[in-house]
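S.K.: Enclosed is the structure file entry26.txt (compact mmCIF, C-alpha atoms).
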# COMPACT_ATOMS: atom_id res chain seq x y z
CA MET A 1 127.12 128.48 -32.01
CA THR A 2 127.87 132.17 -32.49
CA SER A 3 130.55 134.06 -30.65
CA ARG A 4 130.55 137.55 -29.26
CA GLU A 5 133.25 140.00 -28.35
CA THR A 6 134.97 139.05 -25.14
CA ASN A 7 137.85 140.36 -23.12
CA PRO A 8 140.80 138.16 -24.18
CA ASN A 9 142.98 139.17 -21.26
CA PHE A 10 140.35 137.86 -18.90
CA MET A 11 142.00 134.48 -18.85
CA ASN A 12 145.40 135.68 -17.66
CA GLY A 13 145.04 134.99 -13.96
CA VAL A 14 142.12 137.31 -13.35
CA PRO A 15 139.38 134.67 -13.30
CA GLU A 16 141.04 132.83 -10.43
CA LEU A 17 141.23 136.04 -8.45
CA LEU A 18 137.62 137.04 -9.08
CA ILE A 19 136.23 133.58 -8.49
CA LEU A 20 138.15 133.06 -5.25
CA ARG A 21 137.08 136.50 -4.04
CA LEU A 22 133.42 135.81 -4.80
CA LEU A 23 133.41 132.36 -3.30
CA GLN A 24 135.16 133.53 -0.17
CA GLN A 25 131.93 135.27 0.79
CA GLU A 26 129.47 132.49 -0.03
CA GLU A 27 129.19 129.27 -1.99
CA MET A 28 127.84 129.65 -5.50
CA TYR A 29 127.24 127.63 -8.66
CA GLY A 30 128.60 128.55 -12.09
CA TYR A 31 125.72 130.66 -13.36
CA GLU A 32 125.62 132.66 -10.12
CA ILE A 33 129.36 133.25 -10.29
CA VAL A 34 129.20 134.64 -13.82
CA GLN A 35 126.25 136.91 -12.98
CA ALA A 36 128.02 138.15 -9.85
CA ILE A 37 131.18 138.94 -11.85
CA ARG A 38 129.12 140.82 -14.39
CA ASN A 39 127.19 142.79 -11.76
CA ARG A 40 130.16 143.65 -9.59
CA THR A 41 132.39 144.71 -12.50
CA ASP A 42 129.59 146.64 -14.21
CA SER A 43 130.01 144.33 -17.21
CA VAL A 44 133.54 145.64 -17.81
CA ILE A 45 134.82 142.09 -17.76
CA ALA A 46 133.02 140.24 -20.52
CA VAL A 47 133.63 136.57 -21.09
CA GLY A 48 132.01 133.61 -22.79
CA GLU A 49 130.16 132.41 -19.73
CA GLY A 50 130.97 128.75 -20.23
CA VAL A 51 134.71 129.24 -19.92
CA VAL A 52 134.32 129.78 -16.20
CA TYR A 53 133.97 126.02 -15.67
CA PRO A 54 137.47 124.92 -16.68
CA VAL A 55 138.77 127.57 -14.28
CA LEU A 56 136.53 126.24 -11.50
CA HIS A 57 137.55 122.65 -12.20
CA GLY A 58 141.22 123.62 -12.29
CA LEU A 59 140.97 125.42 -8.96
CA GLU A 60 139.17 122.46 -7.46
CA ARG A 61 141.83 120.09 -8.74
CA ASP A 62 144.51 122.32 -7.22
CA GLY A 63 142.69 122.16 -3.89
CA ALA A 64 141.71 125.83 -3.83
CA LEU A 65 138.00 125.05 -4.15
CA LYS A 66 135.72 122.27 -3.07
CA SER A 67 132.38 121.40 -4.59
CA ARG A 68 129.21 119.70 -3.52
CA ARG A 69 126.02 118.80 -5.30
CA LYS A 70 122.94 120.49 -3.91
CA THR A 71 119.32 120.39 -5.03
CA VAL A 72 117.60 123.78 -5.04
CA ASN A 73 114.11 124.25 -6.48
CA SER A 74 114.20 120.66 -7.71
CA ARG A 75 117.36 121.34 -9.76
CA SER A 76 120.62 119.68 -8.91
CA ARG A 77 123.57 122.06 -9.03
CA ILE A 78 127.25 121.95 -8.20
CA TYR A 79 128.12 124.56 -5.60
CA TYR A 80 131.70 125.70 -5.10
CA SER A 81 133.34 127.14 -1.99
CA VAL A 82 136.87 128.18 -1.00
CA THR A 83 139.17 125.88 0.98
CA PRO A 84 141.80 127.16 3.44
CA PHE A 85 144.40 126.66 0.70
CA GLY A 86 142.22 128.71 -1.64
CA ALA A 87 142.07 131.51 0.94
CA HIS A 88 145.89 131.60 1.03
CA ARG A 89 146.00 131.65 -2.74
CA LEU A 90 143.49 134.50 -2.82
CA ALA A 91 145.62 136.53 -0.40
CA ASP A 92 148.70 136.01 -2.60
CA LEU A 93 146.86 136.83 -5.81
CA SER A 94 145.21 139.91 -4.27
CA GLU A 95 148.54 141.26 -3.11
CA ALA A 96 150.18 140.71 -6.50
CA TRP A 97 147.31 142.32 -8.39
CA THR A 98 147.09 145.28 -6.00
CA ASN A 99 150.80 145.96 -6.42
CA LEU A 100 150.48 145.67 -10.17
CA ALA A 101 147.44 147.98 -10.29
CA VAL A 102 149.21 150.59 -8.15
CA ALA A 103 152.27 150.44 -10.38
CA ILE A 104 150.22 150.80 -13.55
CA GLN A 105 148.23 153.64 -12.02
CA LYS A 106 151.47 155.43 -11.21
CA MET A 107 152.64 155.00 -14.78
CA LEU A 108 149.35 156.26 -16.18
CA ALA A 109 149.44 159.22 -13.80
CA GLY A 110 152.69 160.29 -15.47
CA GLY A 111 155.40 159.26 -13.00
CA GLN A 112 158.64 158.49 -14.82
CA HIS A 113 160.64 157.10 -11.92
CA GLY A 114 158.24 154.66 -10.33
CA GLU A 115 159.25 152.55 -7.34
CA ALA A 116 160.09 148.89 -7.84
CA ILE A 117 157.17 146.56 -7.31
CA PRO A 118 157.77 144.70 -4.06
CA MET B 1 122.44 116.68 -25.49
CA ALA B 2 122.23 119.78 -27.71
CA LYS B 3 124.05 119.55 -31.05
CA PRO B 4 126.72 122.15 -30.16
CA PHE B 5 127.57 120.06 -27.12
CA HIS B 6 127.88 116.94 -29.27
CA GLU B 7 130.48 118.72 -31.36
CA LEU B 8 132.20 120.09 -28.29
CA ARG B 9 132.27 116.64 -26.72
CA GLU B 10 133.91 115.11 -29.79
CA ARG B 11 136.41 117.93 -29.99
CA LEU B 12 137.39 117.63 -26.34
CA LEU B 13 137.69 113.86 -26.50
CA ARG B 14 139.81 114.11 -29.65
CA ALA B 15 141.97 116.64 -27.81
CA CYS B 16 142.50 113.88 -25.24
CA ILE B 17 140.57 115.43 -22.36
CA ALA B 18 139.67 112.68 -19.90
CA PRO B 19 136.04 111.55 -20.40
CA ARG B 20 135.10 112.25 -16.77
CA HIS B 21 136.16 115.89 -17.13
CA VAL B 22 134.32 116.20 -20.43
CA ARG B 23 131.15 114.75 -18.91
CA ARG B 24 131.20 117.12 -15.97
CA TYR B 25 131.99 120.15 -18.14
CA LEU B 26 129.11 119.40 -20.50
CA THR B 27 126.70 118.78 -17.64
CA GLU B 28 127.49 122.14 -16.11
CA LEU B 29 127.33 123.86 -19.50
CA ALA B 30 123.90 122.35 -20.14
CA ASP B 31 122.69 123.59 -16.74
CA HIS B 32 124.15 127.00 -17.41
CA LEU B 33 122.50 127.12 -20.83
CA ALA B 34 119.13 126.28 -19.27
CA ASP B 35 119.57 129.12 -16.75
CA LEU B 36 120.52 131.56 -19.51
CA THR B 37 117.58 130.53 -21.67
CA ALA B 38 115.18 131.01 -18.76
CA GLU B 39 116.70 134.43 -18.09
CA GLU B 40 116.31 135.49 -21.72
CA GLU B 41 112.71 134.25 -21.77
CA ARG B 42 111.96 136.27 -18.65
CA ALA B 43 113.32 139.27 -20.53
CA GLY B 44 110.54 138.80 -23.09
CA ARG B 45 112.24 136.86 -25.89
CA SER B 46 110.58 133.99 -27.72
CA ARG B 47 111.84 130.49 -26.97
CA ALA B 48 113.90 130.29 -30.16
CA ASP B 49 115.43 133.75 -29.67
CA ALA B 50 116.12 133.00 -26.03
CA GLU B 51 117.97 129.79 -26.93
CA SER B 52 120.00 131.54 -29.58
CA ALA B 53 120.92 134.40 -27.24
CA ALA B 54 121.77 131.94 -24.47
CA LEU B 55 124.13 130.02 -26.74
CA ALA B 56 125.84 133.26 -27.74
CA ARG B 57 126.28 134.23 -24.10
CA LEU B 58 127.64 130.82 -23.20
CA GLY B 59 130.53 131.35 -25.61
CA GLY B 60 131.67 130.14 -29.02
CA MET B 61 132.63 126.52 -29.43
CA ASP B 62 136.24 127.54 -30.03
CA ASP B 63 136.37 129.45 -26.74
CA LEU B 64 134.67 126.68 -24.81
CA ALA B 65 136.97 124.03 -26.26
CA LYS B 66 140.17 126.04 -25.89
CA ALA B 67 139.37 126.90 -22.28
CA MET B 68 139.33 123.19 -21.45
CA ILE B 69 142.10 122.05 -23.79
CA GLY B 70 144.44 124.68 -22.34
CA HIS B 71 144.52 122.80 -19.04
CA ARG B 72 146.98 119.92 -19.37
CA GLN B 73 145.79 118.59 -16.03
CA PHE B 74 142.50 117.55 -17.65
CA GLN B 75 144.19 115.34 -20.22
CA SER B 76 143.74 111.62 -19.81
CA TRP B 77 146.56 109.26 -18.91
CA CYS B 78 145.98 107.54 -22.24
CA VAL B 79 147.55 110.59 -23.83
CA ARG B 80 150.02 111.61 -21.16
CA ALA B 81 151.50 108.11 -20.97
CA PRO B 82 150.00 105.91 -23.73
CA TRP B 83 152.95 103.50 -23.52
CA ALA B 84 151.95 102.78 -19.92
CA MET B 85 148.20 102.58 -20.52
CA PHE B 86 148.41 100.50 -23.71
CA GLY B 87 151.77 98.80 -23.24
CA LEU B 88 152.31 97.93 -19.60
CA ALA B 89 148.87 98.11 -17.97
CA PRO B 90 147.18 95.47 -20.19
CA LEU B 91 150.08 93.06 -19.65
CA PHE B 92 149.80 93.52 -15.89
CA PHE B 93 146.03 93.08 -16.09
CA LEU B 94 146.35 89.86 -18.05
CA ALA B 95 149.08 88.61 -15.72
CA GLY B 96 146.73 89.40 -12.81
CA ALA B 97 143.88 87.53 -14.52
CA TYR B 98 146.16 84.51 -15.03
CA PHE B 99 147.24 84.70 -11.40
CA VAL B 100 143.58 84.41 -10.39
CA ALA B 101 143.26 81.46 -12.81
CA CYS B 102 146.23 79.75 -11.12
CA ILE B 103 144.69 80.23 -7.67
CA TYR B 104 141.44 78.75 -8.96
CA LEU B 105 143.30 75.84 -10.53
CA TRP B 106 145.12 75.16 -7.28
CA PHE B 107 141.79 75.25 -5.42
CA LEU B 108 140.20 72.75 -7.83
CA TRP B 109 143.27 70.56 -7.59
CA GLN B 110 143.06 70.46 -3.78
CA VAL B 111 139.32 69.81 -3.72
CA PHE B 112 138.75 67.42 -6.62
CA LEU B 113 142.14 65.77 -7.22
CA PRO B 114 143.83 65.70 -3.82
CA GLY B 115 145.98 62.65 -4.49
CA MET B 116 147.11 63.52 -8.01
CA ASP B 117 150.58 64.81 -8.88
CA THR B 118 149.14 67.19 -11.49
CA PRO B 119 145.63 68.55 -12.16
CA PHE B 120 146.06 67.94 -15.91
CA GLY B 121 145.55 64.85 -17.99
CA HIS B 122 142.87 63.11 -15.93
CA GLY B 123 140.35 62.07 -18.50
CA ASN B 124 137.09 61.81 -16.60
CA PRO B 125 135.93 64.90 -14.73
CA GLY B 126 132.64 63.22 -13.80
CA PRO B 127 129.13 63.66 -15.21
CA ILE B 128 128.77 66.50 -17.68
CA TYR B 129 126.35 68.43 -15.44
CA GLY B 130 128.17 67.42 -12.28
CA PHE B 131 129.53 70.06 -9.95
CA GLN B 132 133.14 69.01 -10.54
CA ASN B 133 132.86 69.26 -14.33
CA ILE B 134 131.08 72.64 -14.17
CA CYS B 135 133.82 74.03 -11.92
CA ILE B 136 136.58 72.73 -14.20
CA GLN B 137 134.92 74.01 -17.38
CA ALA B 138 134.31 77.42 -15.75
CA GLY B 139 138.04 77.63 -15.01
CA LYS B 140 138.94 76.71 -18.59
CA PHE B 141 136.46 79.23 -19.91
CA TYR B 142 137.93 81.97 -17.72
CA TYR B 143 141.52 81.03 -18.65
CA THR B 144 140.73 81.05 -22.38
CA GLY B 145 138.60 84.18 -22.24
CA ALA B 146 140.93 86.31 -20.09
CA PRO B 147 142.98 87.79 -22.98
CA ILE B 148 139.82 88.50 -24.96
CA LEU B 149 138.21 90.25 -21.99
CA VAL B 150 141.34 92.33 -21.42
CA GLY B 151 141.33 93.14 -25.14
CA TRP B 152 137.74 94.33 -24.96
CA GLY B 153 138.73 96.56 -22.06
CA ILE B 154 141.53 98.06 -24.17
CA GLY B 155 139.13 98.66 -27.06
CA LEU B 156 136.59 100.29 -24.77
CA MET B 157 139.21 102.57 -23.26
CA ALA B 158 140.57 103.54 -26.68
CA ALA B 159 137.07 104.20 -28.03
CA ARG B 160 136.01 106.34 -25.05
CA GLN B 161 139.13 108.45 -25.25
CA ARG B 162 139.37 108.68 -29.06
CA VAL B 163 142.93 107.39 -28.98
CA LYS B 164 144.83 106.87 -32.24
CA ALA B 165 144.19 103.33 -33.51
CA ILE B 166 147.86 102.42 -33.44
CA TRP B 167 147.87 102.22 -29.62
CA PRO B 168 144.99 99.79 -29.07
CA ILE B 169 146.05 97.70 -32.06
CA GLY B 170 149.60 97.43 -30.76
CA SER B 171 148.28 96.63 -27.32
CA LEU B 172 145.97 93.92 -28.67
CA VAL B 173 148.85 92.33 -30.58
CA LEU B 174 150.83 92.15 -27.33
CA ILE B 175 147.89 90.70 -25.43
CA ALA B 176 147.17 88.18 -28.17
CA TRP B 177 150.78 87.00 -28.21
CA MET B 178 150.91 86.80 -24.42
CA GLY B 179 147.66 84.82 -24.37
CA ALA B 180 148.75 82.51 -27.19
CA THR B 181 152.12 81.71 -25.63
CA ALA B 182 150.85 81.32 -22.07
CA GLN B 183 151.92 77.95 -20.69
CA ILE B 184 150.86 76.55 -17.36
CA GLN B 185 152.65 73.78 -15.50
CA ALA B 186 151.64 72.15 -12.23
CA SER B 187 153.32 69.52 -10.10
CA ARG B 188 152.84 68.43 -6.51
CA THR B 189 156.28 66.91 -6.16
CA ALA B 190 158.15 70.06 -7.15
CA VAL B 191 157.86 71.42 -3.61
CA PRO B 192 157.91 69.64 -0.24
CA ASP B 193 154.80 68.93 1.87
CA GLY B 194 152.70 68.24 -1.21
CA LEU B 195 151.31 71.75 -1.42
CA GLY B 196 151.64 71.79 -5.18
CA ASN B 197 153.50 74.12 -7.48
CA ILE B 198 151.95 76.02 -10.39
CA ARG B 199 154.10 77.97 -12.84
CA MET B 200 153.27 80.05 -15.89
CA GLY B 201 155.45 81.13 -18.80
CA PHE B 202 154.75 83.73 -21.46
CA PHE B 203 155.99 85.04 -24.80
CA THR B 204 158.18 82.07 -25.72
CA PRO B 205 156.54 79.46 -27.93
CA GLY B 206 157.86 75.94 -28.11
CA PRO B 207 161.01 75.28 -30.14
CA SER B 208 159.42 73.49 -33.08
CA VAL B 209 158.04 75.20 -36.16
CA GLN B 210 154.70 73.56 -35.42
CA ASP B 211 154.64 75.20 -31.97
CA ILE B 212 155.39 78.60 -33.44
CA TYR B 213 152.76 78.11 -36.14
CA GLY B 214 150.22 76.99 -33.52
CA CYS B 215 150.95 80.05 -31.37
CA LEU B 216 150.56 82.35 -34.36
CA ILE B 217 147.16 80.86 -35.22
CA HIS B 218 146.09 81.06 -31.58
CA ALA B 219 147.28 84.69 -31.35
CA LEU B 220 145.39 85.53 -34.52
CA MET B 221 142.20 84.05 -33.06
CA ILE B 222 142.56 85.98 -29.80
CA PHE B 223 143.34 89.18 -31.71
CA SER B 224 140.34 88.76 -34.02
CA LEU B 225 137.92 88.27 -31.15
CA ALA B 226 139.46 90.98 -28.97
CA VAL B 227 139.55 93.63 -31.70
CA LEU B 228 135.95 93.03 -32.80
CA PRO B 229 134.12 95.54 -30.51
CA TYR B 230 136.69 98.24 -31.24
CA LEU B 231 136.44 97.58 -34.96
CA ILE B 232 132.64 97.78 -34.86
CA TRP B 233 132.84 101.06 -32.93
CA ARG B 234 135.28 102.51 -35.51
CA LEU B 235 133.03 101.48 -38.38
CA GLN B 236 129.96 102.94 -36.68
CA LYS B 237 131.81 106.18 -36.00
CA ALA B 238 132.98 106.40 -39.60
CA HIS B 239 129.43 105.77 -40.78
CA TYR B 240 128.07 108.43 -38.39
CA PHE B 241 130.51 111.08 -39.64
CA SER B 242 130.01 110.22 -43.29
CA ALA B 243 126.24 110.49 -42.77
Mind turning the file's structure into structure tokens?
M.R.:
Amino acid sequence: MTSRETNPNFMNGVPELLILRLLQQEEMYGYEIVQAIRNRTDSVIAVGEGVVYPVLHGLERDGALKSRRKTVNSRSRIYYSVTPFGAHRLADLSEAWTNLAVAIQKMLAGGQHGEAIP
Amino acid sequence: MAKPFHELRERLLRACIAPRHVRRYLTELADHLADLTAEEERAGRSRADAESAALARLGGMDDLAKAMIGHRQFQSWCVRAPWAMFGLAPLFFLAGAYFVACIYLWFLWQVFLPGMDTPFGHGNPGPIYGFQNICIQAGKFYYTGAPILVGWGIGLMAARQRVKAIWPIGSLVLIAWMGATAQIQASRTAVPDGLGNIRMGFFTPGPSVQDIYGCLIHALMIFSLAVLPYLIWRLQKAHYFSA
């Protein structure tokens, strides 16, 4: 099995955020999730597509996602959707990442005395 | 299952990921691979090229394995607490099996030997194909086979989860010794109202050298029979990898 260049930082908390955000809108199965991430990030976030499953399973085990088996076009697939706990977790993660992005943007814009991240 | 997934499966199991998580992961990866292959074929690639491109998109085996191994929550209990799974659990299982045997013995005693002080030592259990004899022999068979059955369960668990051999072997030694030293005593006069009293003792052989020797031989027999499936699996696995 050959490998290709991926974004190593992808695994540092970002997948949870992206997956929860996507699944908040509609239930999806793994392949759909990866395609949606690729389309909506204009392929900026590149990842070995299979590594999405441990993240999905971990979120499900934590109670942030629930899954159900559904047959579509005579193929059985596991669809994932967000639980109320997952929605809370998404809100927390979104806030943390927004604050971080704003802080980094300020730094990149040249500010030397940035405000503390709340 | 595709060859890369065979390798991935072995790697995950050796990394002590619980078999149910491995199975689900590989099922979803196989589905994902089929979707990717179909997508690549729609883009005009040949079947072989599409499969190759799909595998590359799915991720390298290292990435796929590390993504799963990095989650401690997917590890099996056999690795998180092997002393409990291979030390305590089998002993409790065997004790439970013997408890069921005692209940069965008490039942036979009440039905077939209601006036007797003990269910043991009554020479004639009736005709060989008689109901009474079949029931009694079934009980003996269960009582004798319980440690071996528990041992097979240990071997199966160790084989499925690719546990180091030291754990199942140690566990089987414990089970064999518990089975060999199991002693059952029954008396109706030990308690009032004639209900009957059944007691079991474990781990302590009789005081004489002959008792100890007998227990050792018995334990060796139980161990040999209980370890057999696990041993066969290990030999098959070794043969598979050498081939």
S.K.: In Å, how far is it from atom CA of B:Gly70 to atom CA of B:Tyr240?
M.R.: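 Computing it gives 28.1 Å between the two atoms.
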S.K.: Which is closest to B:Met68 among A:Ala91, A:Ala109, A:Val72, A:Val55, if we use all atoms listed in the file?
M.R.: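 The answer is A:Val55, which sits nearest to B:Met68.
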S.K.: Using all atoms listed in the file, which chain B residues lie at most 6 Å away from chain A, written as a list in words?
M.R.: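 Selected residues: His32, Ala56, Arg57, Leu58, Gly59, Gly60, Leu64, Ala67 and Met68 of chain B.
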S.K.: What is the distance, in Å and to one decimal place, between atom CA of B:Phe120 and atom CA of B:Gly139?
M.R.: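 Computing the Euclidean distance for atom CA of B:Phe120 and atom CA of B:Gly139 yields 12.6 Å.
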S.K.: In Å to one decimal, how far is atom CA of A:Thr83 from atom CA of A:Lys70?
M.R.: 17.8 Å
S.K.: Mind rebuilding stretch 64-97 of chain A with N, CA and C atoms and writing that out as a tab-separated table (two decimals), keeping the file's coordinate frame?
M.R.:
chain	number	residue	atom	x	y	z
A	64	ALA	N	142.10	124.49	-4.28
A	64	ALA	CA	141.71	125.83	-3.83
A	64	ALA	C	140.21	125.94	-3.63
A	65	LEU	N	139.46	125.07	-4.29
A	65	LEU	CA	138.00	125.05	-4.15
A	65	LEU	C	137.54	123.65	-3.81
A	66	LYS	N	136.37	123.58	-3.21
A	66	LYS	CA	135.72	122.27	-3.07
A	66	LYS	C	134.30	122.42	-3.58
A	67	SER	N	133.72	121.32	-4.02
A	67	SER	CA	132.38	121.40	-4.59
A	67	SER	C	131.47	120.39	-3.92
A	68	ARG	N	130.20	120.68	-4.00
A	68	ARG	CA	129.21	119.70	-3.52
A	68	ARG	C	127.95	119.87	-4.35
A	69	ARG	N	127.25	118.76	-4.53
A	69	ARG	CA	126.02	118.80	-5.30
A	69	ARG	C	124.86	119.11	-4.36
A	70	LYS	N	124.03	120.05	-4.77
A	70	LYS	CA	122.94	120.49	-3.91
A	70	LYS	C	121.69	120.67	-4.77
A	71	THR	N	120.56	120.23	-4.27
A	71	THR	CA	119.32	120.39	-5.03
A	71	THR	C	118.56	121.61	-4.50
A	72	VAL	N	118.34	122.56	-5.40
A	72	VAL	CA	117.60	123.78	-5.04
A	72	VAL	C	116.49	123.94	-6.07
A	73	ASN	N	115.27	124.13	-5.59
A	73	ASN	CA	114.11	124.25	-6.48
A	73	ASN	C	114.04	123.09	-7.47
A	74	SER	N	114.24	121.92	-6.95
A	74	SER	CA	114.20	120.66	-7.71
A	74	SER	C	115.24	120.59	-8.85
A	75	ARG	N	116.26	121.44	-8.77
A	75	ARG	CA	117.36	121.34	-9.76
A	75	ARG	C	118.66	121.06	-9.03
A	76	SER	N	119.36	120.06	-9.53
A	76	SER	CA	120.62	119.68	-8.91
A	76	SER	C	121.73	120.56	-9.48
A	77	ARG	N	122.50	121.18	-8.58
A	77	ARG	CA	123.57	122.06	-9.03
A	77	ARG	C	124.85	121.75	-8.26
A	78	ILE	N	125.97	122.14	-8.88
A	78	ILE	CA	127.25	121.95	-8.20
A	78	ILE	C	127.67	123.30	-7.61
A	79	TYR	N	127.72	123.34	-6.30
A	79	TYR	CA	128.12	124.56	-5.60
A	79	TYR	C	129.61	124.50	-5.24
A	80	TYR	N	130.26	125.62	-5.38
A	80	TYR	CA	131.70	125.70	-5.10
A	80	TYR	C	131.94	126.61	-3.89
A	81	SER	N	132.95	126.27	-3.10
A	81	SER	CA	133.34	127.14	-1.99
A	81	SER	C	134.86	127.07	-1.83
A	82	VAL	N	135.41	128.05	-1.12
A	82	VAL	CA	136.87	128.18	-1.00
A	82	VAL	C	137.38	127.30	0.15
A	83	THR	N	138.51	126.66	-0.07
A	83	THR	CA	139.17	125.88	0.98
A	83	THR	C	140.19	126.78	1.68
A	84	PRO	N	140.74	126.36	2.80
A	84	PRO	CA	141.80	127.16	3.44
A	84	PRO	C	142.97	127.43	2.49
A	85	PHE	N	143.33	126.44	1.68
A	85	PHE	CA	144.40	126.66	0.70
A	85	PHE	C	144.00	127.74	-0.31
A	86	GLY	N	142.72	127.70	-0.71
A	86	GLY	CA	142.22	128.71	-1.64
A	86	GLY	C	142.27	130.10	-1.04
A	87	ALA	N	142.02	130.20	0.26
A	87	ALA	CA	142.07	131.51	0.94
A	87	ALA	C	143.49	132.06	0.91
A	88	HIS	N	144.47	131.18	1.11
A	88	HIS	CA	145.89	131.60	1.03
A	88	HIS	C	146.20	132.09	-0.39
A	89	ARG	N	145.72	131.32	-1.34
A	89	ARG	CA	146.00	131.65	-2.74
A	89	ARG	C	145.36	132.99	-3.10
A	90	LEU	N	144.17	133.23	-2.57
A	90	LEU	CA	143.49	134.50	-2.82
A	90	LEU	C	144.30	135.65	-2.24
A	91	ALA	N	144.82	135.46	-1.03
A	91	ALA	CA	145.62	136.53	-0.40
A	91	ALA	C	146.84	136.85	-1.26
A	92	ASP	N	147.51	135.80	-1.75
A	92	ASP	CA	148.70	136.01	-2.60
A	92	ASP	C	148.35	136.73	-3.90
A	93	LEU	N	147.29	136.23	-4.54
A	93	LEU	CA	146.86	136.83	-5.81
A	93	LEU	C	146.44	138.28	-5.62
A	94	SER	N	145.71	138.55	-4.54
A	94	SER	CA	145.21	139.91	-4.27
A	94	SER	C	146.39	140.86	-4.11
A	95	GLU	N	147.38	140.41	-3.36
A	95	GLU	CA	148.54	141.26	-3.11
A	95	GLU	C	149.27	141.56	-4.43
A	96	ALA	N	149.47	140.52	-5.24
A	96	ALA	CA	150.18	140.71	-6.50
A	96	ALA	C	149.42	141.66	-7.42
A	97	TRP	N	148.11	141.47	-7.51
A	97	TRP	CA	147.31	142.32	-8.39
A	97	TRP	C	147.21	143.75	-7.86
